[in-house]
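> Before we start, here is the structure in question, set down as structure tokens.
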Amino acid sequence: LQCADVHVRLGDRVLLQAFSVSFQPGRFTAILGPNGVGKSTLLSLLSGQRRPDGGSVLLDTRPLHDYSAQALALRRAVMPQESAVAFDFSVREVAELGRYPHRHHPDADEPGMVTSALEATDVAALAPRIFNTLSGGEKSRVHLARALVQVWARRPDGAACWLLLDEPTAALDLAHQHQALRLLQDRARTHGLGVIAVLHDLNLALR
């Protein structure tokens, strides 16, 4: 997953200029920097939510905008800074939304994947609860489970999957911050997942 000579402008303001970077699957990459330098802009480019004004974003040497939304959803999951849920979904139902892109070719163990993701993010006990009754940190962990379960299984064609996260630890207490990053690092190492996360805490990034 790479950016090649990318330019992004917002009115007269330059957000990214002549920016090139290549990310590798199987690694956890942290994007660091002060507010306003373009971290979230970069993540929106890598996710396909935004097109560059110049240059290109490539997935497997193919321009990202050549992929359909459905095809991209099978290859990458996104956890934005904020994700509102308008209806009274349960915690499990929110996590199950991550499997929606796979509905045409479901895995043999769809329920097991969701349960595993909820357990990995320490919210399995909250599964029957209404999502909107949770604390901010609990909601964040459920959204992490939703994003994880979207790319939980290895693809049969061997293509790498990607998980893009914008400040995934911001609402978490210290113990869950470390637990979440260990989990992401483990998924990268053991499943070949490409993890790219915007982080603000230099100590967490160092660990």
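Letters for chains follow the order of the structure tokens (A, B, ...), residue numbers begin at 1 for each chain, and ligand numbers begin at 1 in the order shown.
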Just want the 6 Å neighbourhood of Gly192 in chain A, counted on only C-alpha atoms, with same-chain residues fewer than 3 positions away dropped. Output as JSON, numbers by chain.
{"A": [25, 26, 188, 189]}
> Extract, using only C-alpha atoms, all DNA, RNA and protein residues at most 10 Å from Lys39 in chain A, discarding same-chain residues fewer than 6 positions from it, and format them as a list of chain:residue names.
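Selected residues are A:Leu15, A:Leu16, A:Ile31, A:Leu32, A:Gly33, A:Asp166, A:Ala197, A:Val198, A:Leu199.
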> Report, in Å with one decimal, the straight-line distance from CA of Asp88 in chain A to CA of Asn132 in chain A.
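Atom-to-atom, CA of Asp88 in chain A to CA of Asn132 in chain A, that is 6.8 Å.
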> Write out as JSON, numbers by chain all residues of range 20-206 of chain A that backbone DSSP assigns to strand (DSSP E or B).
{"A": [20, 21, 22, 28, 29, 30, 31, 54, 55, 56, 57, 58, 59, 62, 63, 76, 77, 78, 79, 90, 130, 162, 163, 164, 165, 166, 194, 195, 196, 197, 198]}
> Neighbouring residues of Gln70 in chain A were defined as those with any atom within 10 Å, considering only C-alpha atoms; residues of the same chain fewer than 3 positions away were excluded. Please report them as an mmCIF file with N, CA, C and O atoms, in the first residue's frame.

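File result.cif, as written:
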data_model
loop_
_atom_site.group_PDB
_atom_site.id
_atom_site.type_symbol
_atom_site.label_atom_id
_atom_site.label_comp_id
_atom_site.auth_asym_id
_atom_site.auth_seq_id
_atom_site.Cartn_x
_atom_site.Cartn_y
_atom_site.Cartn_z
ATOM 1 N N TYR A 67 -10.465 0.308 -7.589
ATOM 2 C CA TYR A 67 -11.190 -0.737 -6.868
ATOM 3 C C TYR A 67 -12.606 -0.257 -6.562
ATOM 4 O O TYR A 67 -12.827 0.908 -6.230
ATOM 5 N N ALA A 73 -13.577 -3.040 0.584
ATOM 6 C CA ALA A 73 -14.059 -3.475 1.895
ATOM 7 C C ALA A 73 -13.596 -4.890 2.232
ATOM 8 O O ALA A 73 -13.529 -5.252 3.407
ATOM 9 N N LEU A 74 -13.275 -5.667 1.217
ATOM 10 C CA LEU A 74 -12.760 -7.022 1.454
ATOM 11 C C LEU A 74 -11.269 -7.023 1.765
ATOM 12 O O LEU A 74 -10.726 -8.036 2.210
ATOM 13 N N ARG A 75 -10.602 -5.886 1.517
ATOM 14 C CA ARG A 75 -9.155 -5.814 1.691
ATOM 15 C C ARG A 75 -8.720 -4.924 2.846
ATOM 16 O O ARG A 75 -7.613 -5.074 3.352
ATOM 17 N N TYR A 100 -20.149 -7.666 7.166
ATOM 18 C CA TYR A 100 -21.105 -7.373 6.087
ATOM 19 C C TYR A 100 -20.476 -7.464 4.691
ATOM 20 O O TYR A 100 -21.102 -8.005 3.774
ATOM 21 N N PRO A 101 -19.256 -6.969 4.467
ATOM 22 C CA PRO A 101 -18.680 -7.081 3.122
ATOM 23 C C PRO A 101 -18.502 -8.525 2.652
ATOM 24 O O PRO A 101 -18.363 -8.771 1.446
ATOM 25 N N HIS A 102 -18.513 -9.474 3.587
ATOM 26 C CA HIS A 102 -18.262 -10.878 3.252
ATOM 27 C C HIS A 102 -19.558 -11.680 3.101
ATOM 28 O O HIS A 102 -19.511 -12.907 3.002
#
> Distance CA of Ser44 in chain A-CA of Phe89 in chain A, one decimal place?
26.4 Å
> Just want the 8 Å neighbourhood of Ala18 in chain A, counted on only C-alpha atoms, with same-chain residues fewer than 3 positions away dropped. Output as a count of residues only.
5
